[in-house]
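S.K.: Before anything else, here's the structure in question.
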Protein chains: 2
Amino acid sequence: MGALRLPSFASIFATTSSTATGSPSLFARHRHLLRHRPRLLPATANFSGQSTAERTEERDASNQKARGITPRSQDFNAWYLDVIANAELADYGPVRGTMVIRPYGYAIWEAIQDYMNVKFKETGHSNMYFPQFIPYSFIEKEASHIEGFSPELALVTIGGGKELEEKLVVRPTSETIVNHMFTQWIHSYRDLPLLVNQWANVTRWEMRTKPFVRTLEFLWQEGHTAHATFQEAEEEALQMIDVYTKFAYEHAAIPVIAGRKSKMETFAGASKTYTIEAMMGDRKALQAGTSHNLGQNFSRAFGTQFTDENGQRQHVWQTSWAISTRFVGGIIMTHGDDAGLMLPPKIAPIQVVIVPIWKKDEEKTGVLNAALSTEEILKGAGIRVKLDDSDQRTPGWKYNFWEMKGVPLRIEVGPRDVSSRTVVISRRDIPGKEGKVFGISMEASVLVAYVNDKLDEIQSSLLQRATSFRNCNIVDVNSYDELAAAISQAKWARGPWSASDKDELRVKEETGATLRCFPFEQPEGRKKTCLMTGNPAEEVAIFAKSY
Amino acid sequence: MGALRLPSFASIFATTSSTATGSPSLFARHRHLLRHRPRLLPATANFSGQSTAERTEERDASNQKARGITPRSQDFNAWYLDVIANAELADYGPVRGTMVIRPYGYAIWEAIQDYMNVKFKETGHSNMYFPQFIPYSFIEKEASHIEGFSPELALVTIGGGKELEEKLVVRPTSETIVNHMFTQWIHSYRDLPLLVNQWANVTRWEMRTKPFVRTLEFLWQEGHTAHATFQEAEEEALQMIDVYTKFAYEHAAIPVIAGRKSKMETFAGASKTYTIEAMMGDRKALQAGTSHNLGQNFSRAFGTQFTDENGQRQHVWQTSWAISTRFVGGIIMTHGDDAGLMLPPKIAPIQVVIVPIWKKDEEKTGVLNAALSTEEILKGAGIRVKLDDSDQRTPGWKYNFWEMKGVPLRIEVGPRDVSSRTVVISRRDIPGKEGKVFGISMEASVLVAYVNDKLDEIQSSLLQRATSFRNCNIVDVNSYDELAAAISQAKWARGPWSASDKDELRVKEETGATLRCFPFEQPEGRKKTCLMTGNPAEEVAIFAKSY
């Protein structure tokens with residue numbers, strides 16, 4: 001526990017010097033809590049001994065550093081862990097590699113669930129639940145499946161105080177148990193297609209873990225379907241990768257590249273694996289969702305057959321597809337900046353935070369009333385809004401805090417705004433004065449229209465920014481040397497590829513990059529020759545270092 | 001697997017005789033599938049070789065038996081398992097005692113989740129997720145907790161191919177890991193109350209299992225809260241049992257009795273346990289939800305402290321509360337009848353089924369169009385509706401099938417209805433002609449109002465019926481003999497109780513009944529004397545046999 005996160009001495013020193021501008025004893029206390037226990041702060045955390053009057057925005061500004069987010073540009077990994085800790089997205093569980101998903105992080109996962117549940121049902125799937133304990137013998141039935149998963153299994157060997165006769169696998173994925181059940185439910189072509197999904201936890205004994213991205217236990221959905229023909233299974237697999245792709249673009253503002261995995265990178269037990277690959281802020285690739293055409297691999301292993309329209313027994317054709325809490329990691333690493341998290345409005349648990357500002361006691365009531373009425377107006381319009389009216393913190397502290405938590409819009413309401421019946425609105429994605437607009441009317445229809453408009457703009461702007469970043473960092477290559485050069489510059493390399501598994505392995509070993517996918521969108525035009533062999537190549541592939 | 005469900009020879013014979021009225025060869029085939037594989041039928045199951053023209057409603061009526069539901073009055077347990085199999089609510093998993101929750105059963109669970117999620121958030125709780133693997137040493141920290149749970153633990157001893165240094169418990173409940181994390185998050189009184197909930201799977205190595213009611217793995221929500229005072233924790237525990245009670249009455253139409261558990265029946269590690277106790281159709285009690293005031297038991301074991309307003313360190317006061325997929329079993333066993341499941345409209349996955357009826361081909365289009373438009377109208381009004389337009393089945397078969405699945409309302413649309421622009425509506429809770437009304441206008445506003453009205457009536461009627469049944473089966477007793485007599489008649493016994501744990505154990509050993517609760521609603525009036533000892537008693541308790 002905690003092994004992944006070492007305190008950064010550099011920032012402890014940096015913080016110490018910043019106390020020069022503030023009240024030393026107060027800041028010392030504050031810093032102590034923040035620096036040494038950055039991930040121990042609940043969302044409502046308040047520190048005792050501070051009064052509003054004693055604080056200024058200038059002092060607060062120094063807390064930005066005190067809050068201990070390593071600049072992204074300085075150390076991407078440290079930044080990522082700091083954001084997760086400080087924005088209270090997750091914490092480490094007591095068992096190595098496990099993760100506690102805290103309410104703010106879980107709310108992002110719930111936004112993903114809400115979207116997917118609608119799409120899954122629209123496309124004819126039903127939710128259900130399969131047990132997580134799988135007899136060990138099941139895992140062995142599909143040869144490449146056991147080869148892929150056996151090093152990662154957690155095994156239950158004792159139940160109710162007794163040694164079990166057969167070890168039980170804690171599901172790493174459910175294809176085997178799903179097929180065991182499908183074999184009992186499917187008889188005739190009329191039982192097909194069978195389209196189900198489950199939301200569940202899965203366990204993979206990973207050696208190198210990282211919150212959200214790779215944890216010993218994670219949450220996901222796994223869809224499982226059975227069809228009468230290869231073609232139908234293929235269409236299903238493609239349909240579901242398309243659902244994921246649309247979510248990534250339209251909600252998560254992540255311009256993923258959808259494509260097909262190479263044979264080497266195909267899921268253990270699948271005939272084909274489709275993937276969406278996202279470029280993180282450090283330009284590493286993140287596999288953010290996969291959809292497998294399983295062919296008849298599992299149905300042959302488990303005898304999952306149906307009687308077709310001609311009375312013939314046939315093995316079903318299957319798919320499975322999944323996205324997981326890893327996607328939350330992808331959102332953090334796509335949009336965050338030095339100030340912390342930056343959330344696309346469509347999936348932000350809080351879209352707008354309202355910060356009331358007053359200096360004198362006689363201003364307080366008027367300001368708070370205006371802030372409350374602003375909150376009511378936005379809530380009534382279905383906007384996810386939070387009024388931060390605590391008087392434990394200065395406005396400046398709150399600005400930094402909610403920026404760090406990635407809230408897309410901030411509304412400030414001060415005494416002058418009250419008298420002019422206006423508010424000030426700041427965008428998270430445009431720092432400083434440029435993103436700040438004064439004098440937006442508090443009148444409900446004007447305010448709601450303005451806020452919705454800005455949320456839409458931010459949503460588009462995040463996607464646009466991520467798309468430019470992605471495009472700037474993909475290099476078209478035509479030789480192995482060019483590929484290696486691109487990878488060594490931490491870029492993605494895209495080039496014609498028809499070489500062997502052995503060549504693919506060589507790229508991995510020599511450059512650290514893997515073949516992420518053959519993208520669905522292929523460049524048109526001239527005939528291609530494989531960058532590695534010079535042989536004709538039908539497709540370009542993308543190589544990158546990855547999580 | 002399957003050990004819990006033995007074929008009933010009685011009903012196989014009963015079925016054989018019923019084929020006299022039908023086409024023997026068709027029925028033999030049909031029966032074969034149904035009798036020997038009752039739980040293998042997917043919701044869309046169709047049997048080949050049958051044409052609509054060959055079948056009559058009379059023949060279909062005999063299928064009611066053929067479908068193999070043991071009458072409830074004959075064998076409650078066999079009926080329960082038959083309903084679960086035939087209504088496709090659940091199936092047995094490959095590991096003893098595990099359960100696959102099928103889409104129709106899972107949809108009931110989703111209805112429970114949807115309701116609870118709203119209520120939990122309204123009362124200030126956030127969802128989050130704790131890992132399921134708990135270091136064995138955690139479980140040992142709270143003395144009565146380990147005593148209660150150690151016989152039921154599933155232990156992971158091998159991970160990633162290696163024997164683990166410390167065994168991991170697959171969570172049977174999460175108080176220990178929750179406290180481990182709370183200890184890191186809670187510092188000051190300002191961090192309190194901390195109010196969280198998780199939806200998760202839990203594992204308890206039960207010896208005698210029964211689908212939904214008691215399974216090796218089940219799904220639940222577990223709320224966990226921490227407070228600054230005993231009083232606040234007590235209010236929280238009571239608030240949450242009240243949320244469960246309201247759901248039971250208002251949505252599940254189950255007239256639970258809410259109350260406090262005796263010391264002997266209190267949760268392992270709690271100071272007080274509140275419960276809702278439901279009377280099943282066989283008059284056994286089902287503990288359908290619990291809410292625990294944990295006092296400082298876990299906070300002392302885990303050192304979960306906060307600094308109060310006076311700067312003093314104090315242990316937090318805690319609660320936990322849960323309902324599980326067991327509740328689905330409670331719904332089945334409260335409302336079902338000989339024909340199968342009967343679902344309260346508010347939680348029914350399908351509230352209205354539309355069955356189109358035609359004999360001649362020229363009628364088909366008109367009937368189907370009217371059925372489709374009826375479906376559209378109801379869907380548009382937010383009613384959960386299914387149009388069963390398959391031509392693999394006769395209308396009579398469909399009537400029986402959807403009755404067995406517990407759908408509250410059936411709408412029939414035939415050629416005569418098309419010409420009169422009306423439909424026929426039948427209630428699931430009132431069998432035969434009495435529950436059937438002809439000539440309801442297809443006009444949208446009339447139809448929607450009528451359907452909503454009937455759904456409300458059914459909802460109330462189910463609650464009323466269950467309440468009468470419950471009231472008729474609770475006997476007020478004033479002596480141990482009276483108690484024993486009531487229990488031997490399979491009733492609940494309610495009487496004044498202030499006797500010892502030893503006396504409570506004697507009741508259990510001699511009558512098989514346990515003290516279900518001291519109900520919140522106590523009879524007013526005269527002074528009470530304990531039914532067992534004759535000593536003064538402050539409260540009446542309820543004793544019953546239970547699941």
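We label chains A, B, ... in the order they appear in the structure tokens, count residues from 1 in each chain, and number ligands from 1 in the order shown.
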As a ChimeraX atom specification, please: every residue in range 191-439 of chain A that a backbone DSSP assignment puts in strand (DSSP E).
M.R.: /A:194-203,217-227,257-260,272-279,285-295,305-307,313-315,317-324,352-356,385-387,409-413,422-427,436-439
S.K.: Please list as JSON, numbers by chain every residue within 12 Å of range 367-370 of chain A, counting only C-alpha atoms and excluding residues in the same chain fewer than 6 positions away.
M.R.: {"A": [354, 355, 356, 357, 358, 359, 360, 361, 376, 377, 387, 388, 389, 390, 391, 411, 412, 413, 414, 415, 416, 417, 418, 419, 420, 421, 422, 423, 441, 442, 443, 444]}
S.K.: Please report the interatomic distance between CA of Gln314 in chain A and CA of Gln198 in chain A in Å with one decimal.
M.R.: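 Calculated distance between CA of Gln314 in chain A and CA of Gln198 in chain A is 26.0 Å.
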S.K.: Would you mind telling me which residue in B:Leu89, B:Ile134, B:Ala484, B:Val156 lies nearest to Val169 in chain A when using only C-alpha atoms?
M.R.: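 Among the listed residues, the smallest separation from Val169 in chain A belongs to B:Val156.
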S.K.: Do a neighbour search on range 245-261 of chain A at 6 Å with only C-alpha atoms, toss out local chain neighbours closer than 5 positions, and write the hits as a PDB file with N, CA, C and O atoms, in the first residue's frame.
M.R.:
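And here's around17.pdb as it stands now:
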ATOM      1  N   THR A 266      -4.410  -9.753 -30.178  1.00  0.00           N
ATOM      2  CA  THR A 266      -5.814 -10.160 -30.070  1.00  0.00           C
ATOM      3  C   THR A 266      -6.066 -10.837 -28.725  1.00  0.00           C
ATOM      4  O   THR A 266      -5.195 -11.515 -28.186  1.00  0.00           O
ATOM      5  N   THR A 273     -10.040  -8.889 -32.547  1.00  0.00           N
ATOM      6  CA  THR A 273     -10.298  -7.910 -31.503  1.00  0.00           C
ATOM      7  C   THR A 273     -10.301  -6.517 -32.110  1.00  0.00           C
ATOM      8  O   THR A 273      -9.355  -6.139 -32.808  1.00  0.00           O
ATOM      9  N   TYR A 274     -11.388  -5.781 -31.856  1.00  0.00           N
ATOM     10  CA  TYR A 274     -11.443  -4.377 -32.238  1.00  0.00           C
ATOM     11  C   TYR A 274     -11.166  -3.546 -30.998  1.00  0.00           C
ATOM     12  O   TYR A 274     -11.486  -3.950 -29.879  1.00  0.00           O
ATOM     13  N   THR A 275     -10.568  -2.393 -31.200  1.00  0.00           N
ATOM     14  CA  THR A 275     -10.114  -1.606 -30.052  1.00  0.00           C
ATOM     15  C   THR A 275     -10.327  -0.123 -30.304  1.00  0.00           C
ATOM     16  O   THR A 275     -10.435   0.300 -31.457  1.00  0.00           O
ATOM     17  N   ILE A 276     -10.427   0.631 -29.239  1.00  0.00           N
ATOM     18  CA  ILE A 276     -10.289   2.080 -29.371  1.00  0.00           C
ATOM     19  C   ILE A 276      -9.030   2.470 -28.606  1.00  0.00           C
ATOM     20  O   ILE A 276      -8.843   2.110 -27.451  1.00  0.00           O
ATOM     21  N   GLU A 277      -8.156   3.189 -29.300  1.00  0.00           N
ATOM     22  CA  GLU A 277      -6.864   3.576 -28.731  1.00  0.00           C
ATOM     23  C   GLU A 277      -6.847   5.094 -28.532  1.00  0.00           C
ATOM     24  O   GLU A 277      -7.144   5.849 -29.448  1.00  0.00           O
ATOM     25  N   ALA A 278      -6.542   5.492 -27.314  1.00  0.00           N
ATOM     26  CA  ALA A 278      -6.562   6.915 -26.974  1.00  0.00           C
ATOM     27  C   ALA A 278      -5.144   7.396 -26.696  1.00  0.00           C
ATOM     28  O   ALA A 278      -4.348   6.672 -26.104  1.00  0.00           O
ATOM     29  N   LYS A 346     -20.074  16.901 -20.271  1.00  0.00           N
ATOM     30  CA  LYS A 346     -21.081  15.839 -20.324  1.00  0.00           C
ATOM     31  C   LYS A 346     -20.882  14.748 -19.282  1.00  0.00           C
ATOM     32  O   LYS A 346     -21.826  14.045 -18.954  1.00  0.00           O
ATOM     33  N   LEU A 463     -12.519  18.423 -27.045  1.00  0.00           N
ATOM     34  CA  LEU A 463     -12.335  17.425 -28.102  1.00  0.00           C
ATOM     35  C   LEU A 463     -11.385  17.944 -29.177  1.00  0.00           C
ATOM     36  O   LEU A 463     -10.498  17.232 -29.641  1.00  0.00           O
ATOM     37  N   THR A 467      -7.849  16.468 -30.178  1.00  0.00           N
ATOM     38  CA  THR A 467      -7.683  15.988 -31.555  1.00  0.00           C
ATOM     39  C   THR A 467      -6.439  16.609 -32.200  1.00  0.00           C
ATOM     40  O   THR A 467      -5.656  15.912 -32.852  1.00  0.00           O
ATOM     41  N   CYS A 517      -3.112  -0.758 -33.405  1.00  0.00           N
ATOM     42  CA  CYS A 517      -4.221  -1.235 -34.245  1.00  0.00           C
ATOM     43  C   CYS A 517      -3.964  -0.937 -35.716  1.00  0.00           C
ATOM     44  O   CYS A 517      -3.102  -0.126 -36.060  1.00  0.00           O
ATOM     45  N   PHE A 518      -4.705  -1.631 -36.549  1.00  0.00           N
ATOM     46  CA  PHE A 518      -4.881  -1.244 -37.939  1.00  0.00           C
ATOM     47  C   PHE A 518      -6.132  -0.372 -37.946  1.00  0.00           C
ATOM     48  O   PHE A 518      -7.242  -0.885 -37.767  1.00  0.00           O
ATOM     49  N   PRO A 519      -5.986   0.952 -38.073  1.00  0.00           N
ATOM     50  CA  PRO A 519      -7.161   1.816 -37.918  1.00  0.00           C
ATOM     51  C   PRO A 519      -8.212   1.543 -38.996  1.00  0.00           C
ATOM     52  O   PRO A 519      -7.870   1.183 -40.124  1.00  0.00           O
ATOM     53  N   PHE A 520      -9.479   1.696 -38.618  1.00  0.00           N
ATOM     54  CA  PHE A 520     -10.555   1.555 -39.608  1.00  0.00           C
ATOM     55  C   PHE A 520     -10.390   2.599 -40.714  1.00  0.00           C
ATOM     56  O   PHE A 520     -10.642   2.322 -41.870  1.00  0.00           O
TER      57      PHE A 520
END
S.K.: To one decimal in Å, tell me the separation between CA of Tyr450 in chain A and CA of Ile425 in chain A.
M.R.: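 Answer for the CA of Tyr450 in chain A to CA of Ile425 in chain A separation: 9.6 Å.
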S.K.: At a cut-off of 8 Å, which residues of chain A touch chain B? Count only C-alpha atoms and give the answer as a short mmCIF file (atom, residue, chain, number, x, y, z; two decimals) with N, CA and C atoms, in the first residue's frame.
M.R.:
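Once everything was written out, this is out39.cif:
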data_model
loop_
_atom_site.label_atom_id
_atom_site.label_comp_id
_atom_site.auth_asym_id
_atom_site.auth_seq_id
_atom_site.Cartn_x
_atom_site.Cartn_y
_atom_site.Cartn_z
N LEU A 40 -5.81 12.05 1.90
CA LEU A 40 -6.67 11.75 3.04
C LEU A 40 -7.78 12.76 3.19
N LEU A 41 -7.90 13.67 2.26
CA LEU A 41 -8.87 14.75 2.43
C LEU A 41 -10.21 14.41 1.83
N PRO A 42 -11.25 14.29 2.63
CA PRO A 42 -12.58 14.10 2.05
C PRO A 42 -13.02 15.37 1.32
N THR A 44 -15.34 17.26 1.70
CA THR A 44 -15.82 18.33 2.54
C THR A 44 -14.75 18.79 3.53
N ALA A 45 -13.51 18.37 3.25
CA ALA A 45 -12.44 18.62 4.22
C ALA A 45 -12.30 20.11 4.55
N ASN A 46 -12.20 20.37 5.78
CA ASN A 46 -11.96 21.73 6.24
C ASN A 46 -10.88 21.65 7.30
N PHE A 47 -10.06 22.66 7.34
CA PHE A 47 -9.02 22.65 8.35
C PHE A 47 -9.37 23.65 9.41
N GLY A 93 -6.22 0.65 -1.84
CA GLY A 93 -6.78 -0.31 -0.90
C GLY A 93 -5.67 -0.96 -0.10
N PRO A 94 -6.03 -1.68 0.95
CA PRO A 94 -5.00 -2.29 1.79
C PRO A 94 -4.25 -3.43 1.11
N VAL A 95 -4.86 -4.08 0.13
CA VAL A 95 -4.17 -5.15 -0.58
C VAL A 95 -3.45 -4.55 -1.79
N THR A 98 -4.84 -2.89 -5.25
CA THR A 98 -6.28 -2.63 -5.23
C THR A 98 -6.53 -1.14 -5.02
N MET A 99 -7.73 -0.72 -5.37
CA MET A 99 -8.07 0.69 -5.41
C MET A 99 -9.44 0.92 -4.80
N VAL A 100 -9.56 1.93 -3.98
CA VAL A 100 -10.85 2.37 -3.48
C VAL A 100 -11.30 3.49 -4.41
N ILE A 101 -12.45 3.36 -5.03
CA ILE A 101 -12.94 4.43 -5.90
C ILE A 101 -13.80 5.36 -5.05
N ARG A 102 -13.34 6.58 -4.88
CA ARG A 102 -14.02 7.53 -4.01
C ARG A 102 -15.20 8.18 -4.73
N PRO A 103 -16.10 8.82 -3.99
CA PRO A 103 -17.34 9.30 -4.60
C PRO A 103 -17.15 10.14 -5.88
N GLY A 105 -14.68 10.11 -8.06
CA GLY A 105 -14.26 9.23 -9.16
C GLY A 105 -15.38 8.29 -9.57
N TYR A 106 -16.11 7.81 -8.57
CA TYR A 106 -17.20 6.89 -8.87
C TYR A 106 -18.30 7.57 -9.67
N ALA A 107 -18.51 8.86 -9.41
CA ALA A 107 -19.55 9.59 -10.14
C ALA A 107 -19.22 9.66 -11.63
N SER A 126 -29.78 -7.09 -22.72
CA SER A 126 -30.34 -7.08 -21.36
C SER A 126 -29.22 -7.25 -20.35
N ASN A 127 -29.35 -6.57 -19.24
CA ASN A 127 -28.40 -6.79 -18.14
C ASN A 127 -28.74 -8.06 -17.38
N MET A 128 -27.75 -8.72 -16.87
CA MET A 128 -27.95 -9.90 -16.03
C MET A 128 -26.70 -10.06 -15.17
N TYR A 129 -26.61 -11.19 -14.43
CA TYR A 129 -25.44 -11.36 -13.58
C TYR A 129 -24.99 -12.82 -13.51
N PHE A 130 -23.72 -13.03 -13.81
CA PHE A 130 -23.10 -14.36 -13.70
C PHE A 130 -22.24 -14.41 -12.43
N PRO A 131 -22.17 -15.58 -11.78
CA PRO A 131 -21.34 -15.68 -10.57
C PRO A 131 -19.87 -15.38 -10.87
N GLN A 132 -19.16 -14.88 -9.86
CA GLN A 132 -17.76 -14.56 -10.10
C GLN A 132 -16.83 -15.74 -9.89
N PHE A 133 -17.32 -16.80 -9.24
CA PHE A 133 -16.44 -17.96 -9.02
C PHE A 133 -16.63 -18.95 -10.17
N ILE A 134 -15.50 -19.28 -10.80
CA ILE A 134 -15.51 -20.15 -11.97
C ILE A 134 -14.66 -21.38 -11.65
N PRO A 135 -15.21 -22.57 -11.88
CA PRO A 135 -14.40 -23.78 -11.63
C PRO A 135 -13.11 -23.71 -12.47
N SER A 150 -3.83 -17.55 -17.31
CA SER A 150 -3.38 -18.29 -16.12
C SER A 150 -2.37 -17.55 -15.24
N PRO A 151 -1.47 -16.72 -15.81
CA PRO A 151 -0.53 -16.05 -14.89
C PRO A 151 -1.20 -15.01 -14.01
N GLU A 152 -2.44 -14.63 -14.34
CA GLU A 152 -3.08 -13.50 -13.66
C GLU A 152 -4.21 -13.92 -12.72
N LEU A 153 -4.33 -15.20 -12.44
CA LEU A 153 -5.52 -15.64 -11.71
C LEU A 153 -5.39 -15.52 -10.20
N ALA A 154 -6.49 -15.13 -9.56
CA ALA A 154 -6.62 -15.24 -8.11
C ALA A 154 -7.48 -16.47 -7.85
N LEU A 155 -7.01 -17.33 -6.95
CA LEU A 155 -7.71 -18.60 -6.72
C LEU A 155 -8.22 -18.71 -5.29
N VAL A 156 -9.49 -19.08 -5.18
CA VAL A 156 -10.07 -19.41 -3.87
C VAL A 156 -9.85 -20.90 -3.66
N THR A 157 -9.19 -21.22 -2.56
CA THR A 157 -8.91 -22.64 -2.29
C THR A 157 -9.57 -23.11 -1.00
N ILE A 158 -10.05 -22.13 -0.20
CA ILE A 158 -10.69 -22.48 1.08
C ILE A 158 -12.06 -21.82 1.13
N GLY A 159 -13.07 -22.62 1.44
CA GLY A 159 -14.42 -22.08 1.58
C GLY A 159 -15.09 -22.68 2.79
N GLY A 160 -15.68 -21.83 3.64
CA GLY A 160 -16.36 -22.32 4.83
C GLY A 160 -15.44 -23.15 5.72
N GLY A 161 -14.18 -22.75 5.75
CA GLY A 161 -13.23 -23.42 6.64
C GLY A 161 -12.63 -24.70 6.07
N ILE A 177 -17.73 -19.10 -18.13
CA ILE A 177 -18.97 -19.36 -17.40
C ILE A 177 -20.18 -18.94 -18.24
N HIS A 180 -20.81 -21.82 -20.52
CA HIS A 180 -21.41 -22.92 -19.76
C HIS A 180 -22.93 -22.71 -19.65
N MET A 181 -23.35 -21.49 -19.41
CA MET A 181 -24.79 -21.20 -19.28
C MET A 181 -25.46 -21.13 -20.65
N GLN A 184 -26.78 -24.22 -22.01
CA GLN A 184 -28.05 -24.71 -21.46
C GLN A 184 -29.24 -23.93 -21.98
N TRP A 185 -29.03 -22.71 -22.40
CA TRP A 185 -30.17 -21.85 -22.79
C TRP A 185 -30.45 -21.87 -24.29
N ILE A 186 -29.43 -22.17 -25.05
CA ILE A 186 -29.60 -22.08 -26.51
C ILE A 186 -29.89 -23.46 -27.09
N ARG A 190 -34.08 -20.02 -33.11
CA ARG A 190 -35.04 -19.04 -32.59
C ARG A 190 -34.57 -18.44 -31.25
N ASP A 191 -33.64 -19.09 -30.60
CA ASP A 191 -33.09 -18.55 -29.34
C ASP A 191 -32.00 -17.51 -29.61
N VAL A 196 -26.60 -10.28 -24.03
CA VAL A 196 -26.61 -9.88 -22.62
C VAL A 196 -25.37 -9.09 -22.22
N TRP A 205 -4.43 -10.61 -11.50
CA TRP A 205 -3.28 -10.44 -10.61
C TRP A 205 -2.15 -9.74 -11.34
N GLU A 206 -2.29 -8.44 -11.49
CA GLU A 206 -1.31 -7.65 -12.22
C GLU A 206 -0.11 -7.36 -11.33
N GLU A 217 -8.13 -5.49 -8.93
CA GLU A 217 -9.58 -5.65 -9.13
C GLU A 217 -10.06 -4.38 -9.83
#
